[in-house]
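What follows is work-v2.cif (mmCIF, N, CA and C atoms).
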data_work
loop_
_atom_site.label_atom_id
_atom_site.label_comp_id
_atom_site.auth_asym_id
_atom_site.auth_seq_id
_atom_site.Cartn_x
_atom_site.Cartn_y
_atom_site.Cartn_z
N MET A 1 -48.98 99.78 -26.29
CA MET A 1 -48.03 98.69 -26.15
C MET A 1 -46.68 99.17 -26.68
N PRO A 2 -45.62 98.97 -25.91
CA PRO A 2 -44.29 99.37 -26.39
C PRO A 2 -43.88 98.56 -27.62
N THR A 3 -43.12 99.19 -28.52
CA THR A 3 -42.72 98.52 -29.75
C THR A 3 -41.79 97.34 -29.49
N ASP A 4 -41.10 97.34 -28.36
CA ASP A 4 -40.17 96.26 -28.10
C ASP A 4 -40.82 95.12 -27.30
N ALA A 5 -42.13 95.19 -27.06
CA ALA A 5 -42.82 94.11 -26.36
C ALA A 5 -42.86 92.88 -27.26
N PRO A 6 -42.68 91.70 -26.68
CA PRO A 6 -42.73 90.49 -27.52
C PRO A 6 -44.13 90.29 -28.09
N ARG A 7 -44.18 89.76 -29.28
CA ARG A 7 -45.46 89.45 -29.93
C ARG A 7 -45.27 88.25 -30.84
N THR A 8 -46.38 87.66 -31.21
CA THR A 8 -46.33 86.51 -32.10
C THR A 8 -45.80 86.96 -33.46
N PRO A 9 -44.80 86.26 -33.98
CA PRO A 9 -44.27 86.64 -35.30
C PRO A 9 -45.34 86.52 -36.39
N THR A 10 -45.15 87.25 -37.45
CA THR A 10 -46.02 87.12 -38.61
C THR A 10 -45.37 86.14 -39.58
N PRO A 11 -46.04 85.59 -40.55
CA PRO A 11 -47.36 85.99 -41.01
C PRO A 11 -48.49 85.35 -40.20
N TRP A 12 -49.57 86.10 -40.08
CA TRP A 12 -50.79 85.61 -39.48
C TRP A 12 -51.77 85.28 -40.60
N LYS A 13 -52.68 84.37 -40.30
CA LYS A 13 -53.71 84.00 -41.28
C LYS A 13 -54.97 83.58 -40.53
N VAL A 14 -56.07 83.56 -41.25
CA VAL A 14 -57.30 83.06 -40.65
C VAL A 14 -57.31 81.54 -40.77
N SER A 15 -58.01 80.90 -39.85
CA SER A 15 -58.00 79.45 -39.80
C SER A 15 -59.38 78.88 -40.08
N PRO A 16 -59.45 77.89 -40.96
CA PRO A 16 -60.72 77.21 -41.19
C PRO A 16 -61.15 76.46 -39.92
N PRO A 17 -62.35 76.05 -39.74
CA PRO A 17 -63.37 75.99 -40.77
C PRO A 17 -64.21 77.26 -40.89
N ASP A 18 -64.34 78.06 -39.83
CA ASP A 18 -65.24 79.21 -39.93
C ASP A 18 -64.51 80.54 -40.14
N GLU A 19 -63.21 80.53 -40.10
CA GLU A 19 -62.36 81.69 -40.37
C GLU A 19 -62.61 82.87 -39.45
N THR A 20 -62.93 82.59 -38.19
CA THR A 20 -63.02 83.64 -37.17
C THR A 20 -61.83 83.57 -36.22
N LEU A 21 -60.94 82.64 -36.45
CA LEU A 21 -59.74 82.46 -35.63
C LEU A 21 -58.53 82.90 -36.43
N VAL A 22 -57.67 83.71 -35.79
CA VAL A 22 -56.43 84.16 -36.40
C VAL A 22 -55.30 83.36 -35.77
N VAL A 23 -54.44 82.77 -36.62
CA VAL A 23 -53.34 81.95 -36.13
C VAL A 23 -52.01 82.50 -36.63
N GLY A 24 -50.96 82.19 -35.89
CA GLY A 24 -49.61 82.60 -36.26
C GLY A 24 -48.95 81.60 -37.19
N PRO A 25 -47.65 81.77 -37.43
CA PRO A 25 -46.95 80.94 -38.41
C PRO A 25 -46.90 79.46 -38.05
N GLU A 26 -47.00 79.14 -36.78
CA GLU A 26 -47.00 77.73 -36.36
C GLU A 26 -48.41 77.24 -36.08
N ASN A 27 -49.40 77.93 -36.64
CA ASN A 27 -50.82 77.63 -36.43
C ASN A 27 -51.25 77.76 -34.98
N GLU A 28 -50.53 78.59 -34.21
CA GLU A 28 -50.92 78.85 -32.83
C GLU A 28 -51.97 79.96 -32.80
N PRO A 29 -53.00 79.80 -31.99
CA PRO A 29 -54.04 80.85 -31.92
C PRO A 29 -53.45 82.18 -31.47
N VAL A 30 -53.82 83.25 -32.16
CA VAL A 30 -53.37 84.59 -31.83
C VAL A 30 -54.55 85.45 -31.39
N ALA A 31 -55.67 85.34 -32.10
CA ALA A 31 -56.86 86.14 -31.80
C ALA A 31 -58.08 85.43 -32.36
N THR A 32 -59.22 85.78 -31.80
CA THR A 32 -60.47 85.28 -32.35
C THR A 32 -61.49 86.40 -32.36
N THR A 33 -62.37 86.37 -33.33
CA THR A 33 -63.45 87.34 -33.40
C THR A 33 -64.77 86.69 -32.97
N PHE A 34 -64.73 85.42 -32.62
CA PHE A 34 -65.91 84.67 -32.17
C PHE A 34 -66.34 85.18 -30.80
N GLN A 35 -67.61 85.56 -30.67
CA GLN A 35 -68.08 86.13 -29.41
C GLN A 35 -69.20 85.33 -28.77
N GLY A 36 -69.41 84.12 -29.20
CA GLY A 36 -70.47 83.30 -28.62
C GLY A 36 -71.42 82.82 -29.70
N ASP A 37 -72.22 81.82 -29.35
CA ASP A 37 -73.09 81.17 -30.32
C ASP A 37 -74.10 82.12 -30.96
N ALA A 38 -74.74 82.96 -30.17
CA ALA A 38 -75.75 83.87 -30.73
C ALA A 38 -75.09 84.85 -31.69
N ASP A 39 -73.96 85.39 -31.30
CA ASP A 39 -73.23 86.32 -32.16
C ASP A 39 -72.79 85.62 -33.43
N TYR A 40 -72.29 84.40 -33.30
CA TYR A 40 -71.79 83.65 -34.45
C TYR A 40 -72.91 83.44 -35.47
N ASP A 41 -74.07 83.02 -35.00
CA ASP A 41 -75.18 82.75 -35.91
C ASP A 41 -75.60 83.99 -36.67
N ASP A 42 -75.59 85.14 -35.99
CA ASP A 42 -76.07 86.37 -36.61
C ASP A 42 -75.01 87.12 -37.41
N HIS A 43 -73.73 86.94 -37.08
CA HIS A 43 -72.69 87.79 -37.64
C HIS A 43 -71.45 87.04 -38.13
N CYS A 44 -71.59 85.81 -38.55
CA CYS A 44 -70.42 85.01 -38.94
C CYS A 44 -69.61 85.67 -40.06
N SER A 45 -70.26 86.19 -41.08
CA SER A 45 -69.50 86.78 -42.19
C SER A 45 -68.76 88.04 -41.74
N ILE A 46 -69.36 88.81 -40.84
CA ILE A 46 -68.68 90.01 -40.31
C ILE A 46 -67.48 89.59 -39.47
N ARG A 47 -67.65 88.59 -38.63
CA ARG A 47 -66.54 88.14 -37.77
C ARG A 47 -65.41 87.55 -38.61
N ALA A 48 -65.74 86.85 -39.70
CA ALA A 48 -64.71 86.32 -40.60
C ALA A 48 -63.97 87.47 -41.28
N ALA A 49 -64.69 88.50 -41.70
CA ALA A 49 -64.06 89.67 -42.31
C ALA A 49 -63.17 90.39 -41.30
N ASP A 50 -63.63 90.48 -40.05
CA ASP A 50 -62.81 91.10 -38.99
C ASP A 50 -61.51 90.33 -38.78
N ALA A 51 -61.61 89.01 -38.75
CA ALA A 51 -60.41 88.18 -38.57
C ALA A 51 -59.44 88.37 -39.74
N ALA A 52 -59.96 88.43 -40.96
CA ALA A 52 -59.10 88.64 -42.12
C ALA A 52 -58.43 90.01 -42.04
N PHE A 53 -59.17 91.02 -41.59
CA PHE A 53 -58.60 92.36 -41.43
C PHE A 53 -57.48 92.36 -40.40
N ILE A 54 -57.69 91.69 -39.28
CA ILE A 54 -56.65 91.61 -38.24
C ILE A 54 -55.39 90.97 -38.80
N ALA A 55 -55.54 89.88 -39.53
CA ALA A 55 -54.38 89.19 -40.10
C ALA A 55 -53.66 90.08 -41.12
N ARG A 56 -54.41 90.74 -42.01
CA ARG A 56 -53.79 91.63 -43.00
C ARG A 56 -53.07 92.79 -42.32
N ALA A 57 -53.70 93.38 -41.31
CA ALA A 57 -53.10 94.52 -40.60
C ALA A 57 -51.81 94.11 -39.89
N ALA A 58 -51.83 92.97 -39.24
CA ALA A 58 -50.62 92.49 -38.55
C ALA A 58 -49.50 92.21 -39.54
N ASN A 59 -49.83 91.61 -40.68
CA ASN A 59 -48.81 91.29 -41.68
C ASN A 59 -48.26 92.54 -42.35
N ALA A 60 -49.08 93.58 -42.47
CA ALA A 60 -48.65 94.81 -43.14
C ALA A 60 -47.95 95.79 -42.22
N HIS A 61 -48.06 95.61 -40.92
CA HIS A 61 -47.57 96.60 -39.97
C HIS A 61 -46.09 96.93 -40.12
N ASP A 62 -45.24 95.96 -40.01
CA ASP A 62 -43.79 96.23 -40.07
C ASP A 62 -43.35 96.79 -41.42
N PRO A 63 -43.80 96.22 -42.56
CA PRO A 63 -43.42 96.82 -43.84
C PRO A 63 -43.96 98.24 -44.01
N ALA A 64 -45.17 98.49 -43.53
CA ALA A 64 -45.76 99.84 -43.66
C ALA A 64 -44.97 100.84 -42.82
N MET A 65 -44.61 100.48 -41.61
CA MET A 65 -43.83 101.37 -40.75
C MET A 65 -42.46 101.64 -41.36
N SER A 66 -41.86 100.65 -41.96
CA SER A 66 -40.56 100.82 -42.61
C SER A 66 -40.67 101.78 -43.79
N ALA A 67 -41.69 101.61 -44.62
CA ALA A 67 -41.89 102.49 -45.77
C ALA A 67 -42.19 103.91 -45.33
N LEU A 68 -43.01 104.04 -44.30
CA LEU A 68 -43.35 105.36 -43.79
C LEU A 68 -42.14 106.05 -43.17
N ARG A 69 -41.31 105.28 -42.49
CA ARG A 69 -40.07 105.83 -41.91
C ARG A 69 -39.15 106.34 -43.02
N SER A 70 -39.03 105.58 -44.11
CA SER A 70 -38.21 106.01 -45.24
C SER A 70 -38.77 107.27 -45.88
N ALA A 71 -40.08 107.34 -46.04
CA ALA A 71 -40.71 108.53 -46.62
C ALA A 71 -40.48 109.74 -45.72
N TYR A 72 -40.59 109.55 -44.43
CA TYR A 72 -40.36 110.64 -43.48
C TYR A 72 -38.93 111.16 -43.60
N THR A 73 -37.98 110.26 -43.69
CA THR A 73 -36.58 110.64 -43.81
C THR A 73 -36.34 111.44 -45.10
N ALA A 74 -36.91 110.98 -46.20
CA ALA A 74 -36.76 111.69 -47.48
C ALA A 74 -37.40 113.07 -47.41
N LEU A 75 -38.58 113.16 -46.80
CA LEU A 75 -39.24 114.46 -46.66
C LEU A 75 -38.42 115.41 -45.79
N ALA A 76 -37.88 114.89 -44.69
CA ALA A 76 -37.07 115.73 -43.81
C ALA A 76 -35.84 116.25 -44.56
N PHE A 77 -35.21 115.39 -45.33
CA PHE A 77 -34.04 115.80 -46.10
C PHE A 77 -34.42 116.88 -47.12
N ALA A 78 -35.51 116.64 -47.85
CA ALA A 78 -35.95 117.61 -48.87
C ALA A 78 -36.34 118.94 -48.22
N PHE A 79 -37.03 118.86 -47.08
CA PHE A 79 -37.42 120.08 -46.37
C PHE A 79 -36.18 120.88 -45.98
N ASN A 80 -35.22 120.21 -45.37
CA ASN A 80 -34.00 120.90 -44.93
C ASN A 80 -33.23 121.50 -46.11
N ARG A 81 -33.19 120.79 -47.21
CA ARG A 81 -32.49 121.28 -48.39
C ARG A 81 -33.17 122.53 -48.94
N LEU A 82 -34.49 122.47 -49.08
CA LEU A 82 -35.23 123.62 -49.62
C LEU A 82 -35.26 124.79 -48.64
N HIS A 83 -35.52 124.49 -47.40
CA HIS A 83 -35.67 125.54 -46.39
C HIS A 83 -34.36 126.27 -46.16
N GLY A 84 -33.26 125.57 -46.24
CA GLY A 84 -31.96 126.17 -45.98
C GLY A 84 -31.33 126.84 -47.19
N SER A 85 -31.92 126.69 -48.34
CA SER A 85 -31.35 127.25 -49.56
C SER A 85 -31.73 128.72 -49.70
N ALA A 86 -30.74 129.54 -49.90
CA ALA A 86 -30.99 130.98 -50.10
C ALA A 86 -31.72 131.21 -51.41
N ARG A 87 -31.58 130.29 -52.35
CA ARG A 87 -32.21 130.44 -53.65
C ARG A 87 -33.67 130.01 -53.64
N SER A 88 -34.07 129.25 -52.65
CA SER A 88 -35.42 128.69 -52.64
C SER A 88 -36.42 129.66 -52.02
N ARG A 89 -37.48 129.88 -52.75
CA ARG A 89 -38.59 130.67 -52.21
C ARG A 89 -39.85 129.83 -52.19
N ASP A 90 -39.67 128.55 -52.21
CA ASP A 90 -40.81 127.63 -52.28
C ASP A 90 -41.32 127.32 -50.88
N THR A 91 -41.80 128.34 -50.19
CA THR A 91 -42.28 128.15 -48.82
C THR A 91 -43.54 127.29 -48.78
N GLU A 92 -44.37 127.36 -49.82
CA GLU A 92 -45.59 126.54 -49.85
C GLU A 92 -45.24 125.06 -49.86
N LEU A 93 -44.24 124.69 -50.65
CA LEU A 93 -43.80 123.30 -50.68
C LEU A 93 -43.22 122.89 -49.33
N CYS A 94 -42.42 123.76 -48.72
CA CYS A 94 -41.87 123.46 -47.39
C CYS A 94 -42.99 123.31 -46.36
N ASP A 95 -44.01 124.16 -46.45
CA ASP A 95 -45.16 124.04 -45.54
C ASP A 95 -45.87 122.70 -45.73
N ASP A 96 -46.03 122.29 -47.00
CA ASP A 96 -46.65 120.99 -47.29
C ASP A 96 -45.82 119.85 -46.72
N PHE A 97 -44.51 119.92 -46.90
CA PHE A 97 -43.62 118.90 -46.34
C PHE A 97 -43.80 118.83 -44.82
N GLY A 98 -43.84 119.99 -44.19
CA GLY A 98 -44.00 120.02 -42.73
C GLY A 98 -45.30 119.40 -42.27
N LYS A 99 -46.38 119.67 -42.99
CA LYS A 99 -47.68 119.09 -42.64
C LYS A 99 -47.67 117.58 -42.79
N VAL A 100 -47.10 117.09 -43.88
CA VAL A 100 -47.05 115.64 -44.09
C VAL A 100 -46.17 114.99 -43.04
N ARG A 101 -45.05 115.61 -42.72
CA ARG A 101 -44.18 115.07 -41.66
C ARG A 101 -44.93 115.00 -40.35
N GLY A 102 -45.72 116.01 -40.03
CA GLY A 102 -46.52 116.00 -38.81
C GLY A 102 -47.53 114.86 -38.79
N ARG A 103 -48.15 114.60 -39.92
CA ARG A 103 -49.11 113.49 -40.01
C ARG A 103 -48.40 112.16 -39.81
N ILE A 104 -47.22 112.01 -40.40
CA ILE A 104 -46.46 110.76 -40.24
C ILE A 104 -46.05 110.60 -38.78
N GLU A 105 -45.58 111.67 -38.15
CA GLU A 105 -45.21 111.60 -36.73
C GLU A 105 -46.39 111.14 -35.88
N LYS A 106 -47.60 111.64 -36.18
CA LYS A 106 -48.79 111.25 -35.42
C LYS A 106 -49.09 109.76 -35.61
N VAL A 107 -48.95 109.26 -36.83
CA VAL A 107 -49.18 107.84 -37.08
C VAL A 107 -48.24 107.00 -36.22
N PHE A 108 -46.97 107.38 -36.17
CA PHE A 108 -46.01 106.64 -35.36
C PHE A 108 -46.36 106.72 -33.87
N ARG A 109 -46.70 107.91 -33.40
CA ARG A 109 -47.07 108.06 -31.98
C ARG A 109 -48.28 107.20 -31.66
N ASP A 110 -49.32 107.29 -32.50
CA ASP A 110 -50.55 106.53 -32.25
C ASP A 110 -50.33 105.03 -32.31
N ALA A 111 -49.37 104.60 -33.12
CA ALA A 111 -49.07 103.17 -33.24
C ALA A 111 -48.10 102.69 -32.16
N GLY A 112 -47.58 103.64 -31.37
CA GLY A 112 -46.61 103.25 -30.33
C GLY A 112 -45.27 102.87 -30.92
N GLU A 113 -44.96 103.39 -32.09
CA GLU A 113 -43.70 103.08 -32.77
C GLU A 113 -42.73 104.24 -32.62
N ARG A 114 -41.46 103.91 -32.59
CA ARG A 114 -40.43 104.95 -32.61
C ARG A 114 -40.15 105.36 -34.04
N LEU A 115 -39.97 106.66 -34.21
CA LEU A 115 -39.66 107.15 -35.55
C LEU A 115 -38.19 107.19 -35.69
#
Exercise: express the given structure as structure tokens:
Amino acid sequence: MPTDAPRTPTPWKVSPPDETLVVGPENEPVATTFQGDADYDDHCSIRAADAAFIARAANAHDPAMSALRSAYTALAFAFNRLHGSARSRDTELCDDFGKVRGRIEKVFRDAGERL
């Protein structure tokens, strides 16, 4: 899904009475983990936990991407400073920075977010 696609604003929360329904800020349904009566009877606590996870993940997404973007920027700056310095021989640290930057780039790609 493109990052600029419209979506229900956060915060999301689970809705009583059985807490398998995820609702948006105006209590509009956003998602449900309910899969039918047989599933509900056998797996209600799992479906409620799934709904809570969906709500937490949606609420954490934008702040987490912002923090990760800031960390990536700081790492890139530190890498460029160390790598470009004639006095620096800390290639192991630069290699570590590069690996972490690669992992962050993958998270953004997999999430469909622009870095």
Inset, instruction - List, as a list in words, every residue that the PyMOL selection byres ((chain A and resi 31) around 5) selects in the file provided. - result: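 Applying the PyMOL selection byres ((chain A and resi 31) around 5) to the structure shown produces Leu21, Val22, Pro29, Val30, Thr32 and Thr33 of chain A.
Across A:Ala5, A:Ile104, A:Ala60, A:Ala49, the tightest approach to Leu75 in chain A is made by A:Ile104 when counting only C-alpha atoms.
When CA of Ala58 in chain A is paired with atom N of Trp12 in chain A, their separation reads 6.7 Å.
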Legend entry - Selection result for the PyMOL selection byres (((chain A and resi 18 and name CA) around 12) and name CA) on this file, as number ranges by chain: A: 14-17, 19-22, 32-34, 40-41, 43-49, 51-52
Legend entry - Which of A:Lys106, A:Phe97, A:Glu92, A:Asp37 sits closest to Ala78 in chain A [using all atoms listed in the file]: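 Comparing A:Lys106, A:Phe97, A:Glu92, A:Asp37 against Ala78 in chain A, the winner is A:Phe97.
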Legend entry - Within 7 Å of range 68-73 of chain A using only N, CA and C atoms, minus same-chain residues under 3 positions, as a PyMOL selection string: chain A and resi 63-65+76-78+101+104+115
Legend entry - Top pick for closest residue to Asn59 in chain A, considering A:Pro6, A:Pro11, A:Ala74, A:Arg114 and counting only N, CA and C atoms: A:Pro11
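In this model, the gap between atom N of Ala55 in chain A and CA of Gly112 in chain A comes to 18.5 Å.
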